[in-house]
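Data file: entry_39.cif. Format and content: mmCIF, C-alpha atoms.
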```cif
data_start
loop_
_atom_site.label_atom_id
_atom_site.label_comp_id
_atom_site.auth_asym_id
_atom_site.auth_seq_id
_atom_site.Cartn_x
_atom_site.Cartn_y
_atom_site.Cartn_z
CA MET N 20 28.19 50.13 79.12
CA ASP N 21 31.04 50.83 76.74
CA ILE N 22 33.48 49.11 79.07
CA VAL N 23 31.26 46.04 79.12
CA VAL N 24 31.08 46.06 75.32
CA LYS N 25 34.86 46.43 75.04
CA LYS N 26 35.35 43.48 77.33
CA ILE N 27 33.00 41.30 75.31
CA VAL N 28 34.67 42.32 72.03
CA ARG N 29 38.07 41.35 73.47
CA GLU N 30 36.69 37.99 74.49
CA VAL N 31 35.39 37.45 70.97
CA LYS N 32 38.73 38.49 69.48
CA ARG N 33 40.46 35.96 71.76
CA GLY N 34 38.31 33.29 70.18
CA ASN N 35 35.49 32.99 72.70
CA GLN N 36 32.63 32.38 70.34
CA ASP N 37 30.02 32.20 73.11
CA ALA N 38 30.80 35.77 74.12
CA PHE N 39 29.53 36.86 70.73
CA ALA N 40 26.01 35.86 71.76
CA GLU N 41 26.14 38.62 74.39
CA LEU N 42 26.99 41.18 71.72
CA VAL N 43 24.13 39.97 69.55
CA ASP N 44 21.74 40.21 72.49
CA LEU N 45 22.82 43.78 73.22
CA TYR N 46 22.30 45.11 69.69
CA LYS N 47 19.85 42.75 67.98
CA ASP N 48 16.71 44.84 68.59
CA LYS N 49 18.17 48.05 67.20
CA VAL N 50 19.80 46.33 64.25
CA PHE N 51 16.63 44.41 63.45
CA HIS N 52 14.56 47.57 63.75
CA ILE N 53 16.79 49.56 61.40
CA ALA N 54 16.70 46.72 58.86
CA TYR N 55 12.94 46.42 59.24
CA ARG N 56 12.44 50.13 58.58
CA MET N 57 14.81 50.05 55.62
CA LEU N 58 13.25 46.98 54.03
CA GLY N 59 9.65 47.10 55.18
CA ASN N 60 9.23 43.46 56.09
CA ALA N 61 10.17 41.21 58.95
CA HIS N 62 11.52 38.26 57.03
CA GLU N 63 14.05 40.23 55.04
CA ALA N 64 14.88 42.30 58.10
CA GLN N 65 15.75 39.17 60.05
CA ASP N 66 17.81 37.83 57.19
CA VAL N 67 19.76 41.05 56.72
CA SER N 68 20.29 41.75 60.41
CA GLN N 69 21.51 38.21 61.11
CA GLU N 70 23.85 38.53 58.14
CA ALA N 71 25.11 41.82 59.60
CA PHE N 72 26.10 40.04 62.83
CA LEU N 73 27.77 37.21 60.91
CA ARG N 74 29.83 39.78 59.01
CA ALA N 75 30.68 41.54 62.25
CA TYR N 76 31.90 38.23 63.67
CA THR N 77 34.06 37.31 60.72
CA ASN N 78 35.50 40.84 60.53
CA ILE N 79 35.84 41.45 64.26
CA GLU N 80 39.62 41.93 63.89
CA SER N 81 38.99 45.02 61.77
CA TYR N 82 36.69 46.60 64.36
CA ASP N 83 38.34 49.64 65.92
CA GLU N 84 37.69 49.51 69.66
CA ASN N 85 37.97 53.28 69.94
CA ARG N 86 34.73 53.60 68.03
CA LYS N 87 31.30 52.66 69.22
CA PHE N 88 30.31 49.10 68.39
CA SER N 89 26.79 50.33 67.62
CA THR N 90 28.08 52.65 64.88
CA TRP N 91 29.97 49.78 63.29
CA ILE N 92 27.14 47.26 63.37
CA PHE N 93 24.58 49.87 62.20
CA ARG N 94 26.85 50.63 59.28
CA ILE N 95 27.10 47.00 58.28
CA ALA N 96 23.33 46.61 58.61
CA THR N 97 22.40 49.74 56.62
CA ASN N 98 24.87 48.83 53.85
CA LEU N 99 23.46 45.31 53.62
CA SER N 100 19.93 46.72 53.58
CA ILE N 101 20.76 49.09 50.73
CA ASP N 102 22.40 46.21 48.81
CA ARG N 103 19.25 44.19 49.33
CA ILE N 104 17.03 47.01 48.11
CA ARG N 105 19.19 47.38 45.00
CA ARG N 106 18.93 43.70 44.23
CA LYS N 107 15.16 43.98 44.59
CA LYS N 108 14.41 40.61 46.06
CA PRO N 109 10.78 39.54 45.90
CA ASP N 110 8.82 41.07 48.74
CA PHE N 111 7.58 39.41 51.86
CA HIS N 112 4.70 40.84 53.80
CA LEU N 113 3.65 40.84 57.40
CA GLU N 114 0.61 38.89 56.27
CA ASP N 115 2.72 36.04 54.89
CA GLN N 116 2.62 32.85 56.86
CA VAL N 117 5.73 32.15 58.90
CA SER N 118 7.37 29.04 57.50
CA GLY N 119 7.24 26.05 59.82
CA THR N 120 4.20 27.37 61.69
CA ASP N 121 0.60 26.39 61.42
CA ASN N 122 -1.14 29.66 61.04
CA LEU N 123 1.11 32.44 62.22
CA ASP N 124 1.72 35.50 60.12
CA TYR N 125 4.59 37.87 60.78
CA HIS N 126 2.45 40.24 62.83
CA SER N 127 2.42 37.54 65.47
CA GLN N 128 6.22 37.70 65.69
CA PHE N 129 6.14 41.08 67.31
CA ALA N 130 5.49 41.61 70.95
CA ALA N 131 2.25 43.58 70.90
CA ASP N 132 0.67 45.60 73.66
CA ILE N 133 -2.62 44.19 74.80
CA ASP N 134 -5.25 46.56 73.50
CA LEU N 135 -8.88 46.51 72.55
CA PRO N 136 -9.16 44.94 69.11
CA GLU N 137 -10.39 48.15 67.45
CA ASP N 138 -7.53 50.11 68.95
CA GLN N 139 -5.17 47.52 67.67
CA VAL N 140 -6.54 47.72 64.17
CA VAL N 141 -6.25 51.50 64.09
CA LYS N 142 -2.77 51.28 65.50
CA LEU N 143 -1.68 48.70 62.96
CA GLU N 144 -3.13 50.74 60.12
CA MET N 145 -1.39 53.84 61.39
CA GLN N 146 1.88 51.94 61.70
CA GLN N 147 1.53 50.44 58.25
CA TRP N 148 0.88 53.89 56.84
CA ILE N 149 4.02 55.30 58.47
CA GLN N 150 6.07 52.42 57.11
CA ASP N 151 4.63 52.88 53.62
CA GLU N 152 5.67 56.53 53.73
CA ILE N 153 9.19 55.63 54.87
CA MET N 154 9.40 53.05 52.07
CA ALA N 155 8.40 55.71 49.54
CA LEU N 156 11.65 57.56 50.26
CA PRO N 157 14.74 56.87 48.15
CA PRO N 158 17.05 54.57 50.20
CA LYS N 159 19.71 57.23 50.81
CA TYR N 160 17.17 59.54 52.42
CA ARG N 161 15.43 56.63 54.09
CA SER N 162 18.51 55.61 56.09
CA ALA N 163 19.20 59.19 57.18
CA ILE N 164 15.60 59.65 58.36
CA ILE N 165 15.54 56.31 60.20
CA LEU N 166 18.81 56.97 62.03
CA LYS N 167 17.77 60.51 62.94
CA TYR N 168 14.10 60.18 63.88
CA LEU N 169 13.71 56.53 64.84
CA GLU N 170 17.10 55.75 66.37
CA ASP N 171 17.66 59.26 67.65
CA LEU N 172 21.33 59.34 66.65
CA SER N 173 23.31 62.59 66.57
CA LEU N 174 24.37 64.02 63.22
CA LYS N 175 27.94 63.04 63.99
CA GLU N 176 26.96 59.44 64.69
CA ILE N 177 24.86 59.31 61.54
CA SER N 178 27.79 60.65 59.54
CA GLU N 179 29.96 57.85 60.97
CA VAL N 180 27.36 55.18 60.23
CA MET N 181 26.83 56.44 56.69
CA ASN N 182 30.48 57.36 56.12
CA LEU N 183 29.49 60.79 54.87
CA PRO N 184 30.32 64.35 55.94
CA VAL N 185 27.89 65.87 58.47
CA ALA N 186 26.84 68.49 55.88
CA THR N 187 25.74 65.76 53.46
CA VAL N 188 23.83 63.96 56.21
CA LYS N 189 22.02 67.20 57.00
CA THR N 190 21.06 67.69 53.38
CA ARG N 191 19.68 64.16 53.21
CA ILE N 192 17.66 64.64 56.37
CA HIS N 193 16.28 67.94 55.05
CA ARG N 194 15.33 66.43 51.70
CA GLY N 195 13.86 63.32 53.26
CA ARG N 196 11.88 65.40 55.74
CA GLU N 197 10.64 67.66 52.95
CA ALA N 198 9.57 64.68 50.82
CA LEU N 199 7.67 63.26 53.79
CA ARG N 200 6.06 66.60 54.53
CA LYS N 201 4.58 66.77 51.06
CA ARG N 202 2.78 63.50 51.73
CA LEU N 203 2.16 63.59 55.48
CA GLY N 204 1.87 67.30 56.21
CA GLN N 205 -1.77 67.65 55.25
CA ALA N 206 -2.81 64.37 56.86
CA MET D 15 5.82 76.31 50.86
CA ALA D 16 8.12 78.82 52.52
CA CYS D 17 7.67 82.36 51.19
CA THR D 18 11.18 82.44 49.67
CA ARG D 19 13.95 79.94 48.90
CA ASP D 20 16.12 81.55 51.55
CA LYS D 21 13.41 81.09 54.11
CA GLN D 22 13.41 77.35 53.35
CA GLN D 23 17.01 77.24 54.61
CA VAL D 24 16.07 79.30 57.65
CA ILE D 25 13.24 76.88 58.44
CA ASN D 26 15.73 74.01 58.45
CA GLN D 27 18.07 75.90 60.76
CA TYR D 28 15.14 76.70 63.01
CA LEU D 29 13.95 73.08 63.21
CA ASP D 30 17.49 71.78 63.66
CA GLU D 31 17.92 74.22 66.55
CA GLU D 32 20.90 75.81 64.90
CA MET D 33 19.95 79.38 65.71
CA THR D 34 20.83 81.77 68.44
CA LEU D 35 18.02 82.70 70.78
CA LEU D 36 17.74 86.07 69.07
CA GLU D 37 17.60 84.55 65.59
CA SER D 38 14.88 82.13 66.54
CA LYS D 39 12.89 84.90 68.21
CA GLN D 40 13.14 86.98 65.04
CA PHE D 41 12.13 84.04 62.92
CA GLU D 42 9.14 83.31 65.15
CA GLU D 43 8.05 86.91 64.63
CA HIS D 44 8.22 86.29 60.90
CA LEU D 45 6.10 83.17 61.37
CA HIS D 46 3.39 85.23 63.02
CA SER D 47 3.08 87.42 59.97
CA CYS D 48 3.74 84.88 57.20
CA PRO D 49 1.07 82.18 56.73
CA ASP D 50 3.19 80.34 54.10
CA CYS D 51 6.19 79.84 56.37
CA GLU D 52 3.97 79.16 59.36
CA LYS D 53 2.18 76.38 57.48
CA HIS D 54 5.46 74.94 56.25
CA VAL D 55 6.94 74.79 59.76
CA ARG D 56 3.74 73.32 61.19
CA GLU D 57 3.64 70.61 58.54
CA LEU D 58 7.28 69.70 59.06
CA LYS D 59 6.84 69.50 62.82
CA LYS D 60 3.82 67.28 62.35
CA THR D 61 5.69 65.08 59.88
CA THR D 62 8.60 64.46 62.23
CA ALA D 63 6.18 63.77 65.10
CA ILE D 64 4.40 61.15 62.98
CA ILE D 65 7.67 59.49 62.00
CA GLN D 66 8.85 59.50 65.60
CA SER D 67 5.65 57.75 66.64
CA ALA D 68 6.61 54.64 64.66
CA SER D 69 6.72 51.57 66.91
CA HIS D 70 10.00 49.96 67.78
CA PHE D 71 10.08 46.35 66.74
CA GLU D 72 12.01 43.76 68.66
CA ALA D 73 14.08 41.06 67.04
CA PRO D 74 12.33 37.68 66.86
CA LYS D 75 12.89 35.41 69.87
CA ASP D 76 15.16 32.92 68.11
CA PHE D 77 17.35 35.68 66.63
CA THR D 78 20.54 35.16 68.66
CA ALA D 79 20.38 31.37 68.36
CA GLY D 80 19.99 31.78 64.60
CA VAL D 81 23.15 33.86 64.41
CA MET D 82 25.14 31.54 66.69
CA ASP D 83 24.12 28.48 64.63
CA ARG D 84 25.50 30.10 61.52
CA LEU D 85 28.88 31.13 62.94
CA PRO D 86 31.85 29.26 61.49
CA LYS D 87 32.42 26.09 63.54
CA GLN D 88 35.13 26.40 66.12
CA SER D 89 37.77 23.72 66.47
CA LYS D 90 37.72 21.71 69.69
CA THR D 91 41.19 22.84 70.67
CA LYS D 92 40.04 26.44 70.64
CA ARG D 93 37.09 25.59 72.85
CA TRP D 94 39.43 23.83 75.29
CA GLN D 95 41.56 26.93 75.71
CA GLN D 96 38.77 28.83 77.39
#
```
In structure tokens, write the structure found in this file.
Amino acid sequence: MDIVVKKIVREVKRGNQDAFAELVDLYKDKVFHIAYRMLGNAHEAQDVSQEAFLRAYTNIESYDENRKFSTWIFRIATNLSIDRIRRKKPDFHLEDQVSGTDNLDYHSQFAADIDLPEDQVVKLEMQQWIQDEIMALPPKYRSAIILKYLEDLSLKEISEVMNLPVATVKTRIHRGREALRKRLGQA
Amino acid sequence: MACTRDKQQVINQYLDEEMTLLESKQFEEHLHSCPDCEKHVRELKKTTAIIQSASHFEAPKDFTAGVMDRLPKQSKTKRWQQ
């Protein structure tokens, strides 16, 4: 896997723009998911994650091939997400209509399992609740919790993504987890 | 809440699996006799399980095309070199 990624990165560095599409395809779901969890809505998540790839492309020369590409792109994406949160752009919601479509809201943009309607409703409510709780966390705890519990990264990887010492990452995970417990623990 | 401030730290070590087998055994014995710590651990375990159950969203279908369309245009000579 890493050898494949290295090869693609070299192609991109040599000026093969088309090769970059392969990199995007490899990491788009994870990057989009992180941005979605950070921002809480699909429209902004798409905007931020596409911007993250554009920045990766224009800065590809500064990417150190000895490091994982995922760490680098996750870092760009989380930083852009935090910038976006700070700027407090007006919110979009899953219920908003997708521009250029007749009657599609953002829920329709996600590949959904085929379930009984009631199951789906419960599932969506449950998912919305989890997201609301993640959104209630301060951004610096939010990113730590997302990378640890949703992306399953090691503490070392998280420390590289966040550019923080492992001890600080641990503290943020502990505080984030504790804040969530106070709200979710009795549920 | 944990019964003492110190125990709060121990709970984190326990959940992060940063204990020796003996230490975790000893702590589990404490959990049996301390309802406060037991409740705290149970709630934290439940919390992380809930968070981990969050669905994984996929990028929208036109994602890659959207990125590629926005890349800086390449000169023809560069394209020819490939």
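Within the file as shown, the PyMOL selection byres ((chain D and resi 55) around 9) identifies D:Ala16, D:Ile25, D:Asn26, D:Leu29, D:Leu45, D:Asp50, D:Cys51, D:Glu52, D:Lys53, D:His54, D:Arg56, D:Glu57, D:Leu58, D:Lys59, D:Lys60.
In this model, the gap between CA of Ile149 (chain N) and CA of Glu72 (chain D) comes to 17.3 Å.
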Any chance you could resolve the PyMOL selection byres ((chain D) within 9 of (chain N)) against this file and give the residues as a PyMOL selection string? chain D and resi 26+54+56-75+77-82+84-86+88+92-93+96
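Between CA of Cys17 (chain D) and CA of Arg191 (chain N) the interatomic distance comes to 21.9 Å.
Between CA of Asp83 (chain N) and CA of Leu172 (chain N) there is a distance of 19.6 Å.
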Determine, counting all atoms listed in the file, which protein, DNA and RNA residues have an atom within 9 Å of an atom of Tyr28 (chain D); residues of the same chain fewer than 5 positions away are not included. Present the result as JSON, numbers by chain. {"D": [23, 33, 37, 38, 41]}
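For the set N:Asp151, N:Asp21, N:Asp138, N:Glu63, the residue with the smallest atom-to-atom gap to Lys107 (chain N) is N:Glu63, counting only C-alpha atoms.
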